[in-house]
Amino acid sequence: MVRLVDLFSLLLGAGAVSAYDQDLGFNGAPQAENRTIDEIYKAALAEGGVVTVWHGGDETNQQDTLKHAFEARFPGMTLNITVDVSKYHDGNIDRQLATGGLYVDSIILQTLHDYPRWDSEGALLHYLPLNFYDIHPSFRDLRGAWHGVSIFAWSFVWNKNKVSRGPSEFEDLLRPEYKDKLVLTYPNDDDAVLYAFDLVLQQYGYGWFEKLLAQNPRWVRGTATPATVLSQNSSRSAVTFTSDVGLAPASPLGVGFPTKALFVTWAQRAAILRDAPHLEGAKLLHNYMLSEEYQTLLGSWSVRKDLPAPAGYPALMDIQSTNPTGFDGFMADRARAERLRLFFEDKIGTPQGLSPLKDNI
C-alpha cells in the first residue's frame, strides 16, 4: 500500500496544486516599498533585467507605449508584454498556477472579479508601491494585493468629417442622420461593453435598444475596432460609444460624455504574482506605472487622487454621470452578466469574425 506521505510527494512532483483559503494563516501583511525607484531599478537589473506581463486588450500593439516608455526610462530592462482579451488571459493564468509552470510576473486585466479570488488562493504578492496611498482608496486593495493603474472610459466618439455634430446623450444615437453610420462592439463579446448596454437600457428601457437596432449599426469585435473603422475614409461608419480614444484625440475625432445617463469608467487592475520569477522587475514596473511621469502620459484621468484631471475635465470622482467603482460589482455577479450576455446574443447573434487581435482591422 502506498503511504500517504509518498502519495503526497507524487502529487507535488506532478505539479498538482490545490488552492486553499489563506485567511486563517494570518500572514497577509504587505511589503511596503521603502527604496527609491533607482534602487529598485538596480535590483531589477541584478535579477536579470526582465519583466513579463500579460495585459488585457484587443489589439496586439495597444501596450507599445508602456513598453517603449518603460524601456526608455530604464535602459537594460526588457518588458515582455503580451496583449490578449482578459477573459482568455485569466484562464491561462489559472492553468499556470495549477500546474506550477508560472512564468508571468504581472497581470493587468479587465476581469476585476479574478483578483479577490486569486488573492484568497494565495497567488498574489501583497506589495505597496511608492505611490500606493496616492491611489484613490476604491482603486486599491487594503493589503496591496492589487491596485488600479489606468482609467478606462467609454465615450461618444465620432468622425467630424463624416457627421456635422456628435452625440451628447444616448437618445442622440437615434437621430436619422446616424442611420447606417453607427459602429458598435458586440456587447456579448466584451463585459465592459455589456455593462455599458446594461446601464443605458436601465435608464432608457428596451425600446431604446429596438430603435438602436433600427439604425442598422455595424457590429464588430474588439473595443479598439470601432474607432479604427470610423477613422477610415472608405467606411461609412462615423459614430460609436464602445471605444476609448482618450480625452484629447487627434483630429478628426471628437469625444464627449453624457450627463443624463451613466457612462462606463473603471480602473484597470494590476497585480504581481507571489511566485513570479522576476519579482524585482515586476516591482519596478508597478512603481513606474504609478509614477506621475507615466500617469500623465496616459492622457486620461489618473488612478491617483493627487494628480489633476486633464485640462477641461472635472475630477473623475466629481462626475455624477459615472461611477468608477460600479464595474467591479457588475463583474463580480457572473450569473447576471451571463444572463445579459445571452439576452443580447439572442437579439444580435453570436459575435462574427476573427478575434480582433487577428482580423487586421
# chains A, B, ... in the order shown; residues from 1 in each chain; ligands from 1
$ residues_around --residues "segment 123-131 of chain A" --least-positions-apart "6" --cutoff "10 Å" --atoms "only C-alpha atoms" --output "NGL selection string"
:A and (19 or 22 or 28-37 or 94 or 97 or 106-107 or 115-117 or 140-147 or 271-276 or 279 or 283-292 or 304 or 306)
$ residues_around --residues "Ala153 of chain A" --least-positions-apart "6" --cutoff "12 Å" --atoms "only C-alpha atoms" --output "MDAnalysis selection string"
chainID A and resid 192:193 195:196 223 241:247 255:258 262:268 299:302 316 321:324 327
$ write_last_selection --atoms "N, CA and C atoms" --output "compact mmCIF listing (two decimals), in the first residue's frame"
# COMPACT_ATOMS: atom_id res chain seq x y z
N ALA A 192 -17.17 44.87 -20.49
CA ALA A 192 -17.27 46.31 -20.26
C ALA A 192 -18.31 46.94 -21.19
N VAL A 193 -18.40 46.43 -22.41
CA VAL A 193 -19.43 46.91 -23.34
C VAL A 193 -20.80 46.40 -22.90
N TYR A 195 -21.70 45.94 -19.89
CA TYR A 195 -22.06 46.83 -18.78
C TYR A 195 -22.60 48.15 -19.30
N ALA A 196 -21.99 48.67 -20.36
CA ALA A 196 -22.47 49.93 -20.95
C ALA A 196 -23.91 49.79 -21.44
N THR A 223 -12.89 46.48 -28.74
CA THR A 223 -13.27 47.86 -28.42
C THR A 223 -12.41 48.90 -29.14
N PHE A 241 -20.03 54.41 -29.24
CA PHE A 241 -19.91 54.69 -27.80
C PHE A 241 -19.27 53.51 -27.08
N THR A 242 -18.57 52.66 -27.84
CA THR A 242 -17.95 51.48 -27.25
C THR A 242 -16.44 51.49 -27.46
N SER A 243 -15.83 52.67 -27.42
CA SER A 243 -14.38 52.80 -27.57
C SER A 243 -13.86 53.84 -26.60
N ASP A 244 -12.57 53.76 -26.33
CA ASP A 244 -11.86 54.75 -25.51
C ASP A 244 -10.68 55.25 -26.34
N VAL A 245 -10.74 56.52 -26.73
CA VAL A 245 -9.65 57.11 -27.52
C VAL A 245 -8.94 58.22 -26.74
N GLY A 246 -9.15 58.23 -25.41
CA GLY A 246 -8.56 59.29 -24.61
C GLY A 246 -9.44 60.51 -24.59
N LEU A 247 -8.99 61.50 -23.86
CA LEU A 247 -9.80 62.71 -23.67
C LEU A 247 -9.47 63.82 -24.65
N VAL A 255 -14.80 63.68 -29.06
CA VAL A 255 -15.26 62.85 -27.94
C VAL A 255 -16.21 63.65 -27.07
N GLY A 256 -17.08 62.95 -26.38
CA GLY A 256 -17.99 63.59 -25.45
C GLY A 256 -18.56 62.56 -24.49
N PHE A 257 -19.15 63.04 -23.40
CA PHE A 257 -19.72 62.16 -22.38
C PHE A 257 -21.12 62.62 -22.04
N PRO A 258 -22.02 61.68 -21.76
CA PRO A 258 -23.39 62.06 -21.41
C PRO A 258 -23.46 62.63 -20.00
N LEU A 262 -25.70 57.19 -17.26
CA LEU A 262 -24.38 56.78 -16.80
C LEU A 262 -23.51 56.25 -17.94
N PHE A 263 -22.24 56.62 -17.93
CA PHE A 263 -21.28 56.02 -18.85
C PHE A 263 -20.26 55.22 -18.05
N VAL A 264 -19.55 54.36 -18.75
CA VAL A 264 -18.68 53.38 -18.10
C VAL A 264 -17.28 53.94 -17.86
N THR A 265 -16.83 53.84 -16.62
CA THR A 265 -15.42 54.07 -16.29
C THR A 265 -15.00 53.00 -15.28
N TRP A 266 -13.75 52.63 -15.31
CA TRP A 266 -13.22 51.72 -14.29
C TRP A 266 -11.70 51.83 -14.27
N ALA A 267 -11.13 51.37 -13.17
CA ALA A 267 -9.67 51.33 -13.03
C ALA A 267 -9.19 49.92 -13.39
N GLN A 268 -8.37 49.85 -14.43
CA GLN A 268 -7.78 48.56 -14.82
C GLN A 268 -6.84 48.10 -13.72
N GLY A 299 -2.97 60.35 -20.79
CA GLY A 299 -3.93 61.23 -21.45
C GLY A 299 -5.36 61.05 -21.00
N SER A 300 -5.55 60.56 -19.78
CA SER A 300 -6.89 60.38 -19.24
C SER A 300 -6.85 60.71 -17.76
N TRP A 301 -7.95 60.43 -17.06
CA TRP A 301 -7.94 60.59 -15.62
C TRP A 301 -6.93 59.64 -15.01
N SER A 302 -6.41 59.99 -13.86
CA SER A 302 -5.43 59.16 -13.18
C SER A 302 -6.08 58.36 -12.07
N LEU A 316 -12.59 62.97 -11.80
CA LEU A 316 -13.41 61.81 -12.11
C LEU A 316 -14.45 61.56 -11.03
N SER A 321 -22.38 61.47 -13.66
CA SER A 321 -22.89 60.53 -14.65
C SER A 321 -21.97 59.32 -14.87
N THR A 322 -21.09 59.05 -13.93
CA THR A 322 -20.31 57.82 -13.97
C THR A 322 -19.99 57.38 -12.56
N ASN A 323 -19.81 56.08 -12.40
CA ASN A 323 -19.43 55.50 -11.12
C ASN A 323 -18.25 54.58 -11.37
N PRO A 324 -17.03 55.05 -11.12
CA PRO A 324 -15.84 54.25 -11.47
C PRO A 324 -15.72 52.94 -10.72
N PHE A 327 -18.35 49.05 -12.06
CA PHE A 327 -17.98 47.92 -12.91
C PHE A 327 -17.49 46.74 -12.08
$ atom_distance --atom1 "atom CA of Leu230 of chain A" --atom2 "atom CA of Ser155 of chain A"
14.1 Å
$ residues_around --residues "segment 161-176 of chain A" --least-positions-apart "5" --cutoff "9 Å" --atoms "only C-alpha atoms" --output "list in words"
Phe156, Lys181, Leu182, Val200, Tyr204, Trp208, Lys211, Leu212, Ala214, Gln215, Leu230, Asn233, Arg236, Ser237, Ala238, Val239, Thr240, Phe241, Pro252, Leu253, Gly254, Val255, Gly256, Phe257, Pro258, Thr259, Lys260 and Ala261 of chain A
$ closest_residue --among "A:Asp105, A:Gly222, A:Gly207, A:Ile151" --to "Leu184 of chain A" --atoms "only C-alpha atoms"
A:Gly222
$ residues_around --residues "Gly312 of chain A" --least-positions-apart "3" --cutoff "10 Å" --atoms "only C-alpha atoms" --output "list in words"
Leu247, Ala248, Ala309 and Ala315 of chain A
$ select_by_dssp --residues "segment 32-261 of chain A" --states "strand (DSSP E)" --output "ChimeraX atom specification"
/A:32,50-56,78-84,106-109,127-128,147-153,155-159,183-185,218-220,239-243,253-256
$ atom_distance --atom1 "atom CA of Arg341 of chain A" --atom2 "atom CA of Ile81 of chain A"
29.2 Å
